[in-house]
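Q: File name input34.tsv; file contents TSV, C-alpha atoms (C1' of nucleotides); full text below.
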```tsv
chain	number	residue	atom	x	y	z
A	293	MET	CA	-2.59	1.99	6.02
A	294	LYS	CA	0.66	1.78	4.07
A	295	ILE	CA	0.88	-0.98	1.50
A	296	LEU	CA	4.19	-2.60	0.74
A	297	ALA	CA	4.98	-2.71	-2.95
A	298	THR	CA	7.67	-5.34	-2.94
A	299	GLY	CA	6.10	-8.13	-4.90
A	300	THR	CA	8.30	-10.71	-3.23
A	301	THR	CA	7.41	-14.24	-2.29
A	302	PRO	CA	7.47	-15.05	1.45
A	303	ALA	CA	10.77	-16.29	2.79
A	304	ARG	CA	9.03	-19.34	4.14
A	305	PHE	CA	8.35	-20.62	0.66
A	306	ALA	CA	11.86	-20.19	-0.65
A	307	SER	CA	13.08	-23.15	1.37
A	308	LEU	CA	9.97	-25.34	1.29
A	309	PRO	CA	10.74	-28.31	-0.95
A	310	SER	CA	7.09	-28.93	-1.72
A	311	TRP	CA	6.74	-25.32	-2.85
A	312	LEU	CA	9.90	-25.45	-4.94
A	313	MET	CA	8.81	-28.68	-6.56
A	314	THR	CA	5.34	-27.53	-7.49
A	315	GLN	CA	6.56	-24.13	-8.70
A	316	THR	CA	9.42	-25.43	-10.81
A	317	ALA	CA	6.94	-27.94	-12.16
A	318	VAL	CA	4.72	-25.07	-13.26
A	319	HIS	CA	7.55	-23.69	-15.35
A	320	ALA	CA	8.54	-27.12	-16.64
A	321	HIS	CA	4.96	-27.77	-17.60
A	322	ARG	CA	4.62	-24.44	-19.35
A	323	LEU	CA	7.76	-24.95	-21.41
A	324	VAL	CA	6.85	-28.50	-22.32
A	325	SER	CA	3.24	-27.91	-23.20
A	326	ASP	CA	4.12	-24.87	-25.28
A	327	GLY	CA	6.45	-27.10	-27.24
A	328	LEU	CA	3.84	-29.79	-27.63
A	329	ALA	CA	1.04	-27.37	-28.46
A	330	ALA	CA	3.05	-26.13	-31.42
A	331	VAL	CA	2.35	-29.55	-32.93
A	332	GLY	CA	-1.20	-29.73	-31.61
A	333	VAL	CA	-0.39	-32.31	-28.97
A	334	ARG	CA	-0.87	-32.50	-25.19
A	335	GLY	CA	1.19	-34.16	-22.49
A	336	TYR	CA	-1.04	-37.22	-22.47
A	337	HIS	CA	-0.47	-37.74	-26.18
A	338	TYR	CA	3.29	-37.54	-25.91
A	339	ARG	CA	3.32	-39.88	-22.93
A	340	LEU	CA	1.26	-42.44	-24.77
A	341	LEU	CA	3.33	-42.26	-27.95
A	342	SER	CA	6.51	-42.71	-25.90
A	343	VAL	CA	5.16	-45.67	-24.00
A	344	LEU	CA	3.88	-47.33	-27.15
A	345	ASP	CA	7.11	-46.68	-29.03
A	346	GLU	CA	9.32	-47.99	-26.26
A	347	SER	CA	7.34	-50.95	-24.98
A	348	GLY	CA	5.21	-51.97	-27.93
A	349	PRO	CA	1.48	-52.51	-28.38
A	350	ALA	CA	-0.66	-52.79	-25.29
A	351	SER	CA	-4.19	-52.88	-24.02
A	352	GLN	CA	-5.60	-49.66	-22.63
A	353	ALA	CA	-5.45	-50.95	-19.08
A	354	GLU	CA	-1.79	-51.79	-19.57
A	355	LEU	CA	-1.14	-48.40	-21.13
A	356	GLY	CA	-2.69	-46.79	-18.11
A	357	ARG	CA	-0.29	-48.64	-15.84
A	358	ARG	CA	2.74	-47.81	-17.92
A	359	SER	CA	1.96	-44.16	-18.49
A	360	GLY	CA	0.33	-43.30	-15.19
A	361	ILE	CA	-2.67	-41.95	-17.05
A	362	HIS	CA	-6.05	-42.68	-15.54
A	363	LEU	CA	-8.12	-45.28	-17.36
A	364	SER	CA	-11.03	-42.91	-17.79
A	365	ASP	CA	-8.78	-40.35	-19.45
A	366	LEU	CA	-7.22	-42.82	-21.81
A	367	VAL	CA	-10.34	-43.21	-23.90
A	368	ALA	CA	-10.40	-39.60	-25.10
A	369	ALA	CA	-6.63	-39.35	-25.51
A	370	ILE	CA	-6.49	-42.49	-27.63
A	371	ASN	CA	-9.47	-41.36	-29.65
A	372	GLU	CA	-7.62	-38.18	-30.49
A	373	LEU	CA	-4.45	-40.04	-31.40
A	374	ALA	CA	-6.41	-42.50	-33.51
A	375	ASP	CA	-8.24	-39.68	-35.31
A	376	ARG	CA	-4.87	-38.36	-36.40
A	377	LYS	CA	-3.69	-41.84	-37.43
A	378	LEU	CA	-0.89	-41.76	-34.87
A	379	VAL	CA	-2.09	-45.00	-33.26
A	380	GLU	CA	-4.44	-47.81	-34.22
A	381	ARG	CA	-7.08	-49.35	-32.02
A	382	ALA	CA	-7.99	-52.96	-32.77
A	383	PRO	CA	-9.98	-55.52	-30.79
A	384	ASP	CA	-7.83	-58.19	-29.14
A	385	PRO	CA	-8.81	-61.56	-30.69
A	386	VAL	CA	-7.77	-63.53	-27.61
A	387	ASP	CA	-9.57	-61.36	-25.05
A	388	ARG	CA	-12.61	-59.59	-26.40
A	389	ARG	CA	-12.71	-57.11	-23.54
A	390	ARG	CA	-9.50	-55.55	-24.71
A	391	ASN	CA	-8.41	-53.13	-27.36
A	392	VAL	CA	-4.87	-53.45	-28.61
A	393	ILE	CA	-3.31	-50.06	-29.24
A	394	THR	CA	-0.46	-49.92	-31.73
A	395	ILE	CA	1.62	-46.94	-32.73
A	396	THR	CA	1.74	-46.16	-36.47
A	397	ARG	CA	4.66	-45.07	-38.58
A	398	ALA	CA	3.39	-41.50	-38.42
A	399	GLY	CA	3.13	-41.81	-34.66
A	400	ARG	CA	6.72	-43.01	-34.42
A	401	LEU	CA	7.93	-40.13	-36.56
A	402	LEU	CA	6.06	-37.60	-34.49
A	403	ARG	CA	7.41	-39.10	-31.32
A	404	ARG	CA	10.99	-38.76	-32.54
A	405	ARG	CA	10.35	-35.17	-33.46
A	406	LEU	CA	8.82	-34.36	-30.09
A	407	ASP	CA	11.64	-36.18	-28.35
A	408	LYS	CA	14.22	-33.90	-29.91
A	409	GLN	CA	12.22	-30.84	-29.05
A	410	LEU	CA	11.85	-31.99	-25.46
A	411	THR	CA	15.58	-32.48	-25.19
A	412	LYS	CA	16.10	-28.86	-26.15
A	413	ILE	CA	13.54	-27.74	-23.63
A	414	GLN	CA	15.48	-29.41	-20.81
A	415	ASP	CA	18.27	-27.04	-21.62
A	416	GLU	CA	16.06	-24.04	-21.26
A	417	LEU	CA	14.58	-25.41	-18.07
A	418	LEU	CA	17.92	-26.07	-16.38
A	419	ALA	CA	19.72	-23.10	-17.89
A	420	PRO	CA	21.20	-21.80	-14.61
A	421	LEU	CA	22.76	-25.14	-13.65
A	422	SER	CA	26.07	-26.64	-14.68
A	423	PRO	CA	26.10	-30.11	-16.28
A	424	ASP	CA	27.14	-31.64	-12.96
A	425	GLU	CA	24.37	-29.89	-11.12
A	426	ARG	CA	21.85	-31.01	-13.69
A	427	ASP	CA	22.90	-34.58	-13.10
A	428	GLN	CA	22.66	-34.12	-9.35
A	429	LEU	CA	19.19	-32.66	-9.59
A	430	THR	CA	18.05	-35.41	-11.92
A	431	ARG	CA	19.32	-38.13	-9.62
A	432	LEU	CA	17.84	-36.61	-6.50
A	433	LEU	CA	14.44	-36.14	-8.10
A	434	ALA	CA	14.54	-39.65	-9.52
A	435	ARG	CA	15.10	-41.05	-6.04
A	436	VAL	CA	12.23	-39.06	-4.61
A	437	LEU	CA	9.95	-40.16	-7.42
A	438	ASP	CA	11.04	-43.75	-7.03
A	439	HIS	CA	10.20	-43.70	-3.36
A	440	HIS	CA	6.68	-42.49	-3.99
A	441	THR	CA	5.85	-44.81	-6.84
A	442	GLY	CA	7.61	-47.99	-5.80
B	131	MET	CA	-0.23	-60.34	-30.28
B	132	LYS	CA	1.48	-60.76	-26.94
B	133	ILE	CA	0.99	-57.94	-24.50
B	134	LEU	CA	3.74	-57.09	-22.05
B	135	ALA	CA	2.54	-56.93	-18.49
B	136	THR	CA	5.35	-54.96	-16.97
B	137	GLY	CA	3.67	-51.74	-15.99
B	138	THR	CA	6.93	-49.83	-16.13
B	139	THR	CA	7.46	-46.26	-17.18
B	140	PRO	CA	9.60	-45.72	-20.31
B	141	ALA	CA	13.32	-45.38	-19.71
B	142	ARG	CA	13.28	-42.10	-21.58
B	143	PHE	CA	11.25	-40.46	-18.84
B	144	ALA	CA	13.44	-41.59	-15.96
B	145	SER	CA	16.13	-39.09	-16.92
B	146	LEU	CA	13.99	-36.26	-18.28
B	147	PRO	CA	14.17	-33.41	-15.77
B	148	SER	CA	10.86	-31.94	-16.90
B	149	TRP	CA	9.20	-35.29	-16.32
B	150	LEU	CA	10.83	-35.75	-12.93
B	151	MET	CA	9.82	-32.27	-11.88
B	152	THR	CA	6.21	-32.56	-12.88
B	153	GLN	CA	5.86	-36.06	-11.43
B	154	THR	CA	7.49	-35.31	-8.10
B	155	ALA	CA	5.29	-32.22	-8.02
B	156	VAL	CA	2.26	-34.46	-8.38
B	157	HIS	CA	3.27	-36.33	-5.23
B	158	ALA	CA	4.20	-33.13	-3.41
B	159	HIS	CA	0.87	-31.64	-4.33
B	160	ARG	CA	-1.01	-34.72	-3.21
B	161	LEU	CA	0.69	-34.80	0.17
B	162	VAL	CA	0.24	-31.08	0.73
B	163	SER	CA	-3.35	-30.80	-0.39
B	164	ASP	CA	-4.35	-33.84	1.63
B	165	GLY	CA	-2.95	-32.06	4.64
B	166	LEU	CA	-4.73	-28.82	3.80
B	167	ALA	CA	-8.00	-30.49	2.88
B	168	ALA	CA	-8.17	-31.95	6.39
B	169	VAL	CA	-8.78	-28.36	7.50
B	170	GLY	CA	-10.97	-27.49	4.53
B	171	VAL	CA	-8.34	-25.35	2.87
B	172	ARG	CA	-6.73	-25.31	-0.59
B	173	GLY	CA	-3.24	-24.35	-1.72
B	174	TYR	CA	-4.37	-20.89	-2.73
B	175	HIS	CA	-5.71	-20.23	0.76
B	176	TYR	CA	-2.52	-21.30	2.47
B	177	ARG	CA	-0.43	-19.22	0.12
B	178	LEU	CA	-2.50	-16.15	0.79
B	179	LEU	CA	-2.46	-16.60	4.55
B	180	SER	CA	1.32	-17.00	4.47
B	181	VAL	CA	1.86	-13.94	2.35
B	182	LEU	CA	-0.43	-11.84	4.50
B	183	ASP	CA	1.11	-13.08	7.72
B	184	GLU	CA	4.67	-12.49	6.58
B	185	SER	CA	4.37	-9.25	4.66
B	186	GLY	CA	1.31	-7.59	6.16
B	187	PRO	CA	-1.88	-6.17	4.66
B	188	ALA	CA	-1.99	-5.63	0.92
B	189	SER	CA	-4.22	-4.83	-1.98
B	190	GLN	CA	-5.39	-7.71	-4.11
B	191	ALA	CA	-3.13	-6.74	-6.98
B	192	GLU	CA	-0.18	-6.73	-4.61
B	193	LEU	CA	-1.23	-10.07	-3.17
B	194	GLY	CA	-1.31	-11.48	-6.64
B	195	ARG	CA	2.26	-10.39	-7.23
B	196	ARG	CA	3.50	-11.75	-3.91
B	197	SER	CA	1.72	-15.08	-4.08
B	198	GLY	CA	1.90	-15.76	-7.78
B	199	ILE	CA	-1.84	-16.24	-7.86
B	200	HIS	CA	-3.64	-14.86	-10.86
B	201	LEU	CA	-5.71	-11.73	-10.19
B	202	SER	CA	-8.88	-13.32	-11.49
B	203	ASP	CA	-8.47	-16.25	-9.12
B	204	LEU	CA	-7.85	-14.05	-6.13
B	205	VAL	CA	-11.40	-12.79	-5.94
B	206	ALA	CA	-12.91	-16.19	-5.19
B	207	ALA	CA	-10.08	-17.29	-2.90
B	208	ILE	CA	-10.34	-14.14	-0.81
B	209	ASN	CA	-14.11	-14.41	-0.70
B	210	GLU	CA	-13.74	-17.88	0.75
B	211	LEU	CA	-11.19	-16.75	3.31
B	212	ALA	CA	-13.34	-13.77	4.25
B	213	ASP	CA	-16.42	-15.98	4.64
B	214	ARG	CA	-14.51	-17.96	7.22
B	215	LYS	CA	-13.27	-14.80	8.96
B	216	LEU	CA	-9.66	-15.66	8.23
B	217	VAL	CA	-9.06	-12.36	6.45
B	218	GLU	CA	-10.87	-9.02	6.25
B	219	ARG	CA	-11.55	-7.05	3.10
B	220	ALA	CA	-11.86	-3.27	3.53
B	221	PRO	CA	-11.85	-0.43	1.01
B	222	ASP	CA	-8.61	1.56	0.92
B	223	PRO	CA	-9.42	5.17	1.93
B	224	VAL	CA	-6.46	6.61	0.02
B	225	ASP	CA	-7.11	4.74	-3.24
B	226	ARG	CA	-10.72	3.91	-3.79
B	227	ARG	CA	-9.96	1.31	-6.46
B	228	ARG	CA	-8.32	-0.90	-3.91
B	229	ASN	CA	-9.36	-3.35	-1.26
B	230	VAL	CA	-7.01	-3.79	1.64
B	231	ILE	CA	-6.83	-7.40	2.74
B	232	THR	CA	-5.80	-8.05	6.33
B	233	ILE	CA	-5.27	-11.37	8.07
B	234	THR	CA	-7.31	-11.90	11.25
B	235	ARG	CA	-6.23	-13.48	14.50
B	236	ALA	CA	-8.03	-16.67	13.47
B	237	GLY	CA	-6.21	-16.56	10.15
B	238	ARG	CA	-2.85	-16.23	11.88
B	239	LEU	CA	-3.59	-19.16	14.14
B	240	LEU	CA	-4.64	-21.33	11.24
B	241	ARG	CA	-1.53	-20.36	9.33
B	242	ARG	CA	0.71	-21.42	12.19
B	243	ARG	CA	-1.10	-24.70	12.43
B	244	LEU	CA	-0.79	-25.36	8.71
B	245	ASP	CA	2.83	-24.32	8.78
B	246	LYS	CA	3.69	-27.00	11.29
B	247	GLN	CA	1.79	-29.60	9.35
B	248	LEU	CA	3.57	-28.61	6.14
B	249	THR	CA	6.93	-28.96	7.83
B	250	LYS	CA	6.12	-32.54	8.70
B	251	ILE	CA	5.01	-33.22	5.18
B	252	GLN	CA	8.42	-32.17	3.81
B	253	ASP	CA	9.84	-35.05	5.78
B	254	GLU	CA	7.51	-37.51	4.16
B	255	LEU	CA	8.18	-36.04	0.75
B	256	LEU	CA	11.98	-36.23	1.02
B	257	ALA	CA	12.09	-39.42	3.04
B	258	PRO	CA	14.68	-41.22	0.87
B	259	LEU	CA	17.19	-38.35	1.02
B	260	SER	CA	19.78	-37.55	3.66
B	261	PRO	CA	19.78	-34.09	5.26
B	262	ASP	CA	22.64	-33.03	2.99
B	263	GLU	CA	20.86	-34.25	-0.08
B	264	ARG	CA	17.70	-32.45	0.95
B	265	ASP	CA	19.67	-29.22	1.15
B	266	GLN	CA	21.23	-29.85	-2.22
B	267	LEU	CA	17.88	-30.50	-3.84
B	268	THR	CA	16.37	-27.43	-2.23
B	269	ARG	CA	19.17	-25.19	-3.40
B	270	LEU	CA	19.16	-26.54	-6.94
B	271	LEU	CA	15.41	-26.15	-7.28
B	272	ALA	CA	15.56	-22.66	-5.80
B	273	ARG	CA	18.08	-21.62	-8.43
B	274	VAL	CA	15.96	-23.03	-11.23
B	275	LEU	CA	12.89	-21.28	-9.88
B	276	ASP	CA	14.77	-18.05	-9.46
B	277	HIS	CA	15.90	-18.14	-13.04
B	278	HIS	CA	12.36	-18.51	-14.34
B	279	THR	CA	10.76	-15.89	-12.14
B	280	GLY	CA	13.42	-13.20	-12.04
C	1404	DC	C1'	-19.70	-65.60	-8.91
C	1405	DG	C1'	-15.50	-62.33	-8.55
C	1406	DG	C1'	-12.45	-59.63	-11.26
C	1407	DA	C1'	-10.73	-57.13	-15.30
C	1408	DT	C1'	-11.72	-54.03	-19.14
C	1409	DC	C1'	-13.56	-50.18	-21.52
C	1410	DT	C1'	-16.62	-46.13	-21.67
C	1411	DC	C1'	-18.90	-41.96	-20.17
C	1412	DA	C1'	-20.34	-38.20	-17.09
C	1413	DG	C1'	-18.85	-35.25	-13.82
C	1414	DA	C1'	-15.78	-32.82	-10.31
C	1415	DT	C1'	-11.64	-30.37	-8.64
C	1416	DA	C1'	-7.23	-27.64	-8.46
C	1417	DC	C1'	-4.34	-24.62	-10.69
C	1418	DA	C1'	-3.24	-21.51	-14.18
C	1419	DC	C1'	-4.59	-18.48	-17.81
C	1420	DT	C1'	-7.46	-15.25	-21.22
C	1421	DG	C1'	-10.57	-11.70	-22.29
C	1422	DA	C1'	-13.81	-8.29	-21.21
C	1423	DC	C1'	-15.72	-4.69	-18.42
C	1424	DA	C1'	-16.44	-0.81	-15.03
C	1425	DT	C1'	-14.21	2.19	-11.96
C	1426	DA	C1'	-10.89	5.23	-10.32
C	1427	DA	C1'	-5.93	7.17	-10.09
D	399	DC	C1'	-5.78	9.49	-22.25
D	400	DT	C1'	-3.37	5.93	-20.08
D	401	DT	C1'	-2.76	2.91	-16.44
D	402	DA	C1'	-4.05	0.24	-12.31
D	403	DT	C1'	-7.57	-2.26	-9.87
D	404	DG	C1'	-11.15	-5.38	-8.99
D	405	DT	C1'	-14.78	-8.50	-10.87
D	406	DC	C1'	-16.81	-11.93	-13.79
D	407	DA	C1'	-17.20	-15.49	-17.28
D	408	DG	C1'	-14.89	-18.84	-19.58
D	409	DT	C1'	-10.80	-22.09	-21.30
D	410	DG	C1'	-7.33	-25.77	-20.86
D	411	DT	C1'	-4.59	-29.41	-18.60
D	412	DA	C1'	-3.96	-32.99	-15.46
D	413	DT	C1'	-5.98	-35.79	-12.06
D	414	DC	C1'	-9.57	-38.43	-9.87
D	415	DT	C1'	-14.51	-40.51	-8.60
D	416	DG	C1'	-18.35	-43.12	-9.71
D	417	DA	C1'	-21.31	-45.64	-12.47
D	418	DG	C1'	-22.41	-48.67	-16.31
D	419	DA	C1'	-21.74	-52.48	-19.65
D	420	DT	C1'	-19.08	-56.27	-21.38
D	421	DC	C1'	-16.35	-60.20	-21.09
D	422	DC	C1'	-12.84	-63.63	-18.67
```
Take the structure I supplied and represent it as structure tokens, if you would.

A:
Amino acid sequence: MKILATGTTPARFASLPSWLMTQTAVHAHRLVSDGLAAVGVRGYHYRLLSVLDESGPASQAELGRRSGIHLSDLVAAINELADRKLVERAPDPVDRRRNVITITRAGRLLRRRLDKQLTKIQDELLAPLSPDERDQLTRLLARVLDHHTG
Amino acid sequence: MKILATGTTPARFASLPSWLMTQTAVHAHRLVSDGLAAVGVRGYHYRLLSVLDESGPASQAELGRRSGIHLSDLVAAINELADRKLVERAPDPVDRRRNVITITRAGRLLRRRLDKQLTKIQDELLAPLSPDERDQLTRLLARVLDHHTG
DNA sequence: CGGATCTCAGATACACTGACATAA
DNA sequence: CTTATGTCAGTGTATCTGAGATCC
């Protein structure tokens, strides 16, 4: 019973878009979360800081809609951000069900820092592609994503 | 304290390749694993069946290399496949450390069935793209993946 | 009442780490 | 002695389900 020692991925996968998407996403995720972990932050935290910084204060339900993070996961993520004084949680005076989440100065600074780091990481991620090809890939993926969210 | 009710993702994300990759992967994964779950199978199982069907019997270590599945996760996945008689696990006579994993006839049939289903799912996944654009996307992603695995 | 909001407990899939025993 | 293999226990991230309490 001879055992091949190639270590190669099946040909079938090499041209399966769903495979390519999930596998490149694994590498993208690894690069990104390594970058974030260096500052003690997870993807959820960065997403929330970005959303808050770009679109202003919001209730948790609204943050969930904007960030795509599940409501039940927001609680912990916001707790962690609030513990580090990156956001503030305050009751909404006009609707007592709601908390209004606001990014702090420290949160804004951290977001800028992470933003720059993330920009560098894109370069690492797309290293083998020319600038034109990077644009192509970005546009194609954006259209696919649009189709499945819109 | 007026709260915006847009529900839109930050502009920053829309052009971040790492974001687009991980988010499209979420949709790809959802479509694929819905398809697989209908037959009581996970991604790991399909990957293993494909690898075994295309490249023949292999030790678990070799399967790990071919499929990209971590060695410690292989044990459980192969147990589950063996319980359903989709693969067989036998000791290797020439190297007593090894198990030789072989796909069964039932495993091959299931793989073919899943393969067809997965092909249909690619269509759903890439619905907004023309055939040419699908090829472009596939090639670009393949190059990125190649760069990070090779 | 119906509907929205927040919270908490738990589950799953995928990937990874560390430790261990066994055998080449 | 070193390396490869298989197994087990556990961690972390992202996502989702379900149940509840509160308030509009």

Q: Could you list, as a count of residues only, every residue within 7 Å of region 308-321 of chain A, counting all atoms listed in the file and ignoring same-chain residues fewer than 3 positions away?

A: 18

Q: Which residues of chain C are close to chain B, meaning at most 10 Å apart when you count all atoms listed in the file, and how do they look as a VMD selection string?

A: chain C and resid 1416 to 1419 1425 to 1427

Q: Can you move chain B onto chain A by a least-squares fit over all C-alpha atoms paired in order, then give me the moved copy as a short mmCIF file (atom, residue, chain, number, x, y, z; two decimals) with C-alpha atoms, in the frame of the given file?

A:
```cif
data_model
loop_
_atom_site.label_atom_id
_atom_site.label_comp_id
_atom_site.auth_asym_id
_atom_site.auth_seq_id
_atom_site.Cartn_x
_atom_site.Cartn_y
_atom_site.Cartn_z
CA MET B 131 -2.58 1.98 5.88
CA LYS B 132 0.63 1.80 3.90
CA ILE B 133 0.83 -0.98 1.38
CA LEU B 134 4.16 -2.59 0.62
CA ALA B 135 4.94 -2.69 -3.06
CA THR B 136 7.60 -5.34 -3.07
CA GLY B 137 5.97 -8.15 -4.97
CA THR B 138 8.17 -10.73 -3.31
CA THR B 139 7.27 -14.26 -2.37
CA PRO B 140 7.34 -15.08 1.37
CA ALA B 141 10.66 -16.29 2.72
CA ARG B 142 8.94 -19.35 4.10
CA PHE B 143 8.27 -20.65 0.61
CA ALA B 144 11.81 -20.23 -0.68
CA SER B 145 12.99 -23.21 1.35
CA LEU B 146 9.88 -25.39 1.25
CA PRO B 147 10.66 -28.36 -0.99
CA SER B 148 7.00 -28.97 -1.79
CA TRP B 149 6.67 -25.37 -2.92
CA LEU B 150 9.85 -25.50 -4.98
CA MET B 151 8.76 -28.72 -6.62
CA THR B 152 5.31 -27.56 -7.57
CA GLN B 153 6.55 -24.17 -8.77
CA THR B 154 9.43 -25.47 -10.85
CA ALA B 155 6.94 -27.98 -12.23
CA VAL B 156 4.74 -25.10 -13.32
CA HIS B 157 7.60 -23.70 -15.40
CA ALA B 158 8.58 -27.14 -16.69
CA HIS B 159 5.00 -27.77 -17.68
CA ARG B 160 4.71 -24.42 -19.41
CA LEU B 161 7.85 -24.94 -21.44
CA VAL B 162 6.92 -28.49 -22.39
CA SER B 163 3.30 -27.88 -23.27
CA ASP B 164 4.19 -24.82 -25.32
CA GLY B 165 6.48 -27.06 -27.31
CA LEU B 166 3.84 -29.75 -27.69
CA ALA B 167 1.03 -27.33 -28.45
CA ALA B 168 3.00 -26.09 -31.46
CA VAL B 169 2.24 -29.51 -32.96
CA GLY B 170 -1.28 -29.67 -31.57
CA VAL B 171 -0.42 -32.24 -28.94
CA ARG B 172 -0.85 -32.43 -25.16
CA GLY B 173 1.26 -34.09 -22.48
CA TYR B 174 -0.98 -37.13 -22.40
CA HIS B 175 -0.47 -37.69 -26.12
CA TYR B 176 3.29 -37.48 -25.90
CA ARG B 177 3.37 -39.83 -22.96
CA LEU B 178 1.29 -42.38 -24.78
CA LEU B 179 3.33 -42.19 -27.96
CA SER B 180 6.53 -42.65 -25.95
CA VAL B 181 5.21 -45.62 -24.05
CA LEU B 182 3.92 -47.27 -27.19
CA ASP B 183 7.11 -46.61 -29.10
CA GLU B 184 9.36 -47.93 -26.35
CA SER B 185 7.40 -50.89 -25.06
CA GLY B 186 5.25 -51.90 -28.00
CA PRO B 187 1.51 -52.46 -28.42
CA ALA B 188 -0.60 -52.73 -25.30
CA SER B 189 -4.11 -52.82 -23.99
CA GLN B 190 -5.51 -49.62 -22.57
CA ALA B 191 -5.31 -50.90 -19.02
CA GLU B 192 -1.65 -51.73 -19.56
CA LEU B 193 -1.04 -48.33 -21.12
CA GLY B 194 -2.55 -46.73 -18.09
CA ARG B 195 -0.13 -48.56 -15.84
CA ARG B 196 2.90 -47.73 -17.97
CA SER B 197 2.09 -44.08 -18.52
CA GLY B 198 0.51 -43.23 -15.21
CA ILE B 199 -2.53 -41.91 -17.00
CA HIS B 200 -5.86 -42.65 -15.43
CA LEU B 201 -7.95 -45.27 -17.25
CA SER B 202 -10.89 -42.92 -17.64
CA ASP B 203 -8.68 -40.31 -19.28
CA LEU B 204 -7.14 -42.78 -21.68
CA VAL B 205 -10.28 -43.21 -23.72
CA ALA B 206 -10.39 -39.61 -24.92
CA ALA B 207 -6.62 -39.32 -25.38
CA ILE B 208 -6.49 -42.46 -27.51
CA ASN B 209 -9.51 -41.35 -29.50
CA GLU B 210 -7.68 -38.15 -30.34
CA LEU B 211 -4.52 -39.98 -31.31
CA ALA B 212 -6.50 -42.45 -33.40
CA ASP B 213 -8.37 -39.63 -35.16
CA ARG B 214 -5.02 -38.30 -36.28
CA LYS B 215 -3.82 -41.76 -37.35
CA LEU B 216 -1.00 -41.70 -34.84
CA VAL B 217 -2.15 -44.93 -33.21
CA GLU B 218 -4.51 -47.75 -34.17
CA ARG B 219 -7.12 -49.32 -31.93
CA ALA B 220 -8.02 -52.95 -32.70
CA PRO B 221 -9.93 -55.55 -30.71
CA ASP B 222 -7.73 -58.22 -29.11
CA PRO B 223 -8.71 -61.60 -30.62
CA VAL B 224 -7.55 -63.56 -27.57
CA ASP B 225 -9.32 -61.39 -24.98
CA ARG B 226 -12.41 -59.73 -26.29
CA ARG B 227 -12.54 -57.21 -23.44
CA ARG B 228 -9.39 -55.59 -24.66
CA ASN B 229 -8.35 -53.14 -27.31
CA VAL B 230 -4.83 -53.42 -28.58
CA ILE B 231 -3.30 -50.02 -29.21
CA THR B 232 -0.48 -49.85 -31.73
CA ILE B 233 1.60 -46.85 -32.74
CA THR B 234 1.64 -46.07 -36.48
CA ARG B 235 4.54 -44.98 -38.62
CA ALA B 236 3.25 -41.41 -38.45
CA GLY B 237 3.05 -41.72 -34.68
CA ARG B 238 6.65 -42.91 -34.48
CA LEU B 239 7.84 -40.04 -36.61
CA LEU B 240 5.99 -37.51 -34.52
CA ARG B 241 7.39 -39.04 -31.36
CA ARG B 242 10.94 -38.70 -32.61
CA ARG B 243 10.30 -35.11 -33.53
CA LEU B 244 8.82 -34.31 -30.13
CA ASP B 245 11.63 -36.15 -28.42
CA LYS B 246 14.22 -33.89 -29.97
CA GLN B 247 12.25 -30.81 -29.10
CA LEU B 248 11.88 -31.98 -25.51
CA THR B 249 15.61 -32.51 -25.23
CA LYS B 250 16.18 -28.90 -26.16
CA ILE B 251 13.63 -27.77 -23.66
CA GLN B 252 15.53 -29.48 -20.82
CA ASP B 253 18.36 -27.12 -21.61
CA GLU B 254 16.16 -24.10 -21.24
CA LEU B 255 14.66 -25.47 -18.06
CA LEU B 256 18.00 -26.16 -16.35
CA ALA B 257 19.83 -23.21 -17.83
CA PRO B 258 21.29 -21.92 -14.54
CA LEU B 259 22.81 -25.29 -13.58
CA SER B 260 26.12 -26.82 -14.58
CA PRO B 261 26.15 -30.28 -16.18
CA ASP B 262 27.13 -31.82 -12.84
CA GLU B 263 24.37 -30.04 -11.03
CA ARG B 264 21.86 -31.13 -13.63
CA ASP B 265 22.87 -34.73 -13.01
CA GLN B 266 22.60 -34.26 -9.28
CA LEU B 267 19.14 -32.77 -9.55
CA THR B 268 18.00 -35.51 -11.89
CA ARG B 269 19.23 -38.25 -9.61
CA LEU B 270 17.73 -36.72 -6.49
CA LEU B 271 14.35 -36.22 -8.12
CA ALA B 272 14.44 -39.74 -9.54
CA ARG B 273 14.96 -41.16 -6.07
CA VAL B 274 12.10 -39.14 -4.65
CA LEU B 275 9.83 -40.22 -7.47
CA ASP B 276 10.88 -43.82 -7.09
CA HIS B 277 10.02 -43.76 -3.43
CA HIS B 278 6.50 -42.52 -4.09
CA THR B 279 5.69 -44.84 -6.96
CA GLY B 280 7.35 -48.06 -5.86
#
```

Q: How many Å lie between CA of Thr138 (chain B) and CA of Arg358 (chain A), rounded to one decimal?

A: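 Computing the Euclidean distance for CA of Thr138 (chain B) and CA of Arg358 (chain A) yields 5.0 Å.
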
Q: Using all atoms listed in the file, I'd like every residue of chain D that has an atom within 9 Å of chain B; please write them out as a list in words.

A: DA402, DT403, DG404, DT405 and DC406 of chain D

Q: Report, in Å to a single decimal, how far apart CA of Val181 (chain B) and CA of Pro302 (chain A) are.

A: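 Separation of CA of Pro302 (chain A) and CA of Val181 (chain B): 5.8 Å.
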
Q: In Å, with one decimal, what is the gap from CA of Val169 (chain B) to CA of Arg243 (chain B)?

A: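 About the pair CA of Val169 (chain B) and CA of Arg243 (chain B): they are 9.8 Å apart.
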
Q: Would you please work out which residue, of B:Lys246, B:Arg177, B:Arg238, B:Gly280, is nearest to Pro420 (chain A) when using all atoms listed in the file?

A: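 Checking each candidate against Pro420 (chain A), we get B:Gly280 as the closest.
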
Q: Neighbourhood query: residues within 10 Å of (-13.5, -61.8, -10.9), file coordinates, counting all atoms listed in the file; return as a list in words.

A: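 With a cut-off of 10 Å, the residues come to DC1404, DG1405, DG1406 and DA1407 of chain C; DC422 of chain D.
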